[in-house]
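J.: Just dropping this structure here.
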Amino acid sequence: MITISQIVYSIIENKPFLEEGLKKGIINLSALARFIKPDIEKKLQKKVKTGAIIVALDRTAQKLPKNIAENNLLDNIGDLTVRSKLMEITFENSPTLFEAQKKIYNNISRSKDLFCTFSQGVRETTLIMNNSLKNEVSEIFSGEKIISQYDGLSSVSITYPAWVVATPGVYYLILKLLSWNGINVYEVISTHTELTIIVSEKDVEKTFSVLNTSIK
């Protein structure tokens with residue numbers, strides 16, 4: 001027979017923010033117990049006391065795994081690199097899009113200072129680049145359908161050892177730091193040992209500060 005504790009653990013396990021709040025001890029257990037009480041009663045098909053849920057929450061908090069993996073990851077993060085004055089354009093995929101991509105890459109290949117990257121999905125492709133390339137991109141991609149466009153962006157790139165790739169929840173460990181601090185992430189770009197986070201220019205200093213402070 002399923003118990004209150006099992007249901008509580010299942011609820012917390014599937015809600016990362018609640019799990020993190022319990023780990024940090026910043027959640028009011030009485031308020032949380034009242035909030036999840038209807039779900040527990042629905043699953044048990046009977047009334048339960050709020051006090052019993054509070055006890056289950058307290059026990060769950062003690063059982064939650066410690067942040068050993070998180071600390072290990074943050075200990076091994078390398079330098080942070082910031083780029084400003086970026087923009088993002090998303091195009092609908094088309095037979096001619098690839099040729100336009102090749103052309104823009106050929107035009108900027110001699111400049112090491114320019115940032116230009118494509119992320120291709122099933123139906124659309126996103127281009128993130130320096131603002132200075134705007135006119136050139138407008139000309140080269142003039143025949144392509146634009147789905148969305150954002151200006152005033154910046155990026156923060158994080159380097160880490162190769163073993164991190166095989167560590168579960170790596171992106172969550174990093175992105176949750178930004179989410180907890182109210183920072184919106186426009187895009188996430190990754191390579192084997194590098195993660196680049198695209199944010200608004202107004203948030204780039206805060207993003208750098210949050211990540212830099214978290215790195216041991």
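Every chain in the structure tokens has a letter given in the order shown (A, B, ...), and although residue numbers restart at 1 in each chain, ligands are simply numbered from 1 in the order shown.
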Which neighbours of Glu99 of chain A fall inside 12 Å, counting only C-alpha atoms, when residues of the same chain fewer than 4 positions from it are skipped, and could you give them as an MDAnalysis selection string?
T.: chainID A and resid 93:95 103:106 140:141 143:144
J.: Can you pull out every residue from segment 4-211 of chain A that DSSP, working from the backbone, puts in strand (DSSP E or B), and format the result as an MDAnalysis selection string?
T.: chainID A and resid 80:92 116:120 124:130 146:159 185:191 194:200
J.: Using atom CA of Val82 of chain A and atom CA of Leu177 of chain A as the two end points, give the distance in Å to one decimal.
T.: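 It comes out at 17.2 Å.
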J.: To one decimal place in Å, what is the distance between atom CA of Gln45 of chain A and atom CA of Leu18 of chain A?
T.: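 Interatomic distance here is 23.9 Å.
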J.: Which residues in segment 20-84 of chain A does DSSP call helix (DSSP H, G or I)? List them as a VMD selection string.
T.: chain A and resid 20 to 24 29 to 44 50 to 63 68 to 75
J.: Write out as a PyMOL selection string which residues come within 9 Å of Cys116 of chain A when counting only C-alpha atoms, dropping same-chain ones fewer than 5 positions away.
T.: chain A and resi 104-105+108+127-130+133
J.: For Arg59 of chain A, which residue out of A:Val8, A:Leu97, A:Ala166, A:Leu32 is the nearest one, using only C-alpha atoms?
T.: A:Val8
J.: Please provide as a PyMOL selection string all residues within 6 Å of Glu201 of chain A, with the sequence filter that same-chain residues fewer than 6 positions apart are discarded (counting only C-alpha atoms).
T.: chain A and resi 152-154
J.: From the options A:Gln101, A:Ser209, A:Thr81, A:Asn107, which residue's atoms come nearest to Ile158 of chain A, counting only C-alpha atoms?
T.: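 So, comparing all the options, the nearest one is A:Thr81.
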J.: Restricting the calculation to only C-alpha atoms, which member of A:Ser30, A:Ser179, A:Thr191, A:Thr196 is positioned closest to Val210 of chain A?
T.: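 Of all the options, A:Ser179 lies closest to Val210 of chain A.
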J.: Taking 3 positions as the minimum chain separation for residues in the same chain, which residues sit within 12 Å of Tyr171 of chain A when counting only C-alpha atoms? Answer as a ChimeraX atom specification.
T.: /A:70,73-74,158,160,164-168,174-179,188-190,194-197
J.: Can you spit out the residues from that selection as a compact mmCIF listing (two decimals), in the first residue's frame, using N, CA and C atoms?
T.:
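Done, and the output landed in out_33.txt:
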```
# COMPACT_ATOMS: atom_id res chain seq x y z
N GLU A 70 27.14 18.55 -7.83
CA GLU A 70 27.12 19.98 -8.16
C GLU A 70 28.42 20.64 -7.74
N LEU A 73 31.26 19.58 -9.99
CA LEU A 73 31.19 20.24 -11.28
C LEU A 73 31.68 21.68 -11.18
N LEU A 74 31.14 22.42 -10.24
CA LEU A 74 31.49 23.83 -10.09
C LEU A 74 32.97 24.01 -9.76
N ILE A 158 31.18 28.97 -20.92
CA ILE A 158 31.76 28.24 -19.79
C ILE A 158 32.54 27.05 -20.33
N TYR A 160 34.67 23.40 -19.42
CA TYR A 160 34.73 22.39 -18.37
C TYR A 160 35.46 21.16 -18.91
N VAL A 164 32.90 15.87 -17.70
CA VAL A 164 31.64 16.48 -17.30
C VAL A 164 30.49 16.05 -18.24
N VAL A 165 30.84 15.78 -19.50
CA VAL A 165 29.83 15.40 -20.50
C VAL A 165 29.04 14.17 -20.06
N ALA A 166 29.68 13.27 -19.34
CA ALA A 166 29.04 12.03 -18.91
C ALA A 166 28.37 12.16 -17.54
N THR A 167 28.28 13.38 -17.01
CA THR A 167 27.69 13.61 -15.70
C THR A 167 26.22 14.01 -15.85
N PRO A 168 25.28 13.24 -15.29
CA PRO A 168 23.85 13.56 -15.42
C PRO A 168 23.51 14.92 -14.79
N ILE A 174 23.79 24.17 -13.94
CA ILE A 174 24.21 25.51 -14.33
C ILE A 174 23.01 26.43 -14.54
N LEU A 175 22.03 25.95 -15.30
CA LEU A 175 20.89 26.80 -15.66
C LEU A 175 20.00 27.13 -14.47
N LYS A 176 19.96 26.24 -13.47
CA LYS A 176 19.11 26.53 -12.31
C LYS A 176 19.63 27.75 -11.55
N LEU A 177 20.96 27.96 -11.58
CA LEU A 177 21.53 29.12 -10.91
C LEU A 177 20.98 30.41 -11.52
N LEU A 178 20.82 30.39 -12.85
CA LEU A 178 20.29 31.57 -13.54
C LEU A 178 18.79 31.71 -13.30
N SER A 179 18.08 30.59 -13.34
CA SER A 179 16.63 30.61 -13.13
C SER A 179 16.29 31.12 -11.73
N VAL A 188 20.88 28.21 -25.63
CA VAL A 188 22.00 27.47 -25.05
C VAL A 188 22.71 26.76 -26.20
N ILE A 189 24.00 27.01 -26.34
CA ILE A 189 24.80 26.39 -27.40
C ILE A 189 25.90 25.58 -26.74
N SER A 190 26.09 24.35 -27.17
CA SER A 190 27.11 23.52 -26.53
C SER A 190 28.02 22.85 -27.55
N GLU A 194 32.38 22.95 -23.88
CA GLU A 194 32.04 24.37 -23.74
C GLU A 194 30.53 24.57 -23.83
N LEU A 195 30.02 25.40 -22.94
CA LEU A 195 28.60 25.74 -22.93
C LEU A 195 28.48 27.26 -23.05
N THR A 196 27.71 27.70 -24.04
CA THR A 196 27.50 29.14 -24.23
C THR A 196 26.04 29.47 -23.97
N ILE A 197 25.82 30.44 -23.10
CA ILE A 197 24.48 30.84 -22.71
C ILE A 197 24.21 32.24 -23.26
```
J.: With only C-alpha atoms as the atoms that count, which of A:Met87, A:Ala52, A:Ile183, A:Ile40 lies nearest to Thr117 of chain A?
T.: A:Met87
J.: Measure the distance from atom CA of Lys134 of chain A to atom CA of Ile146 of chain A in Å and round it to one decimal.
T.: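 The value is 13.3 Å.
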J.: In terms of the shortest atom-to-atom distance over only C-alpha atoms, which of A:Lys49, A:Gln6, A:Leu64, A:Pro38 is closest to Lys24 of chain A?
T.: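 Using only C-alpha atoms, the shortest distance to Lys24 of chain A belongs to A:Leu64.
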J.: For Ser5 of chain A, which of A:Val137, A:Val199, A:Leu211, A:Ala61 is the closest residue, counting only C-alpha atoms?
T.: A:Ala61
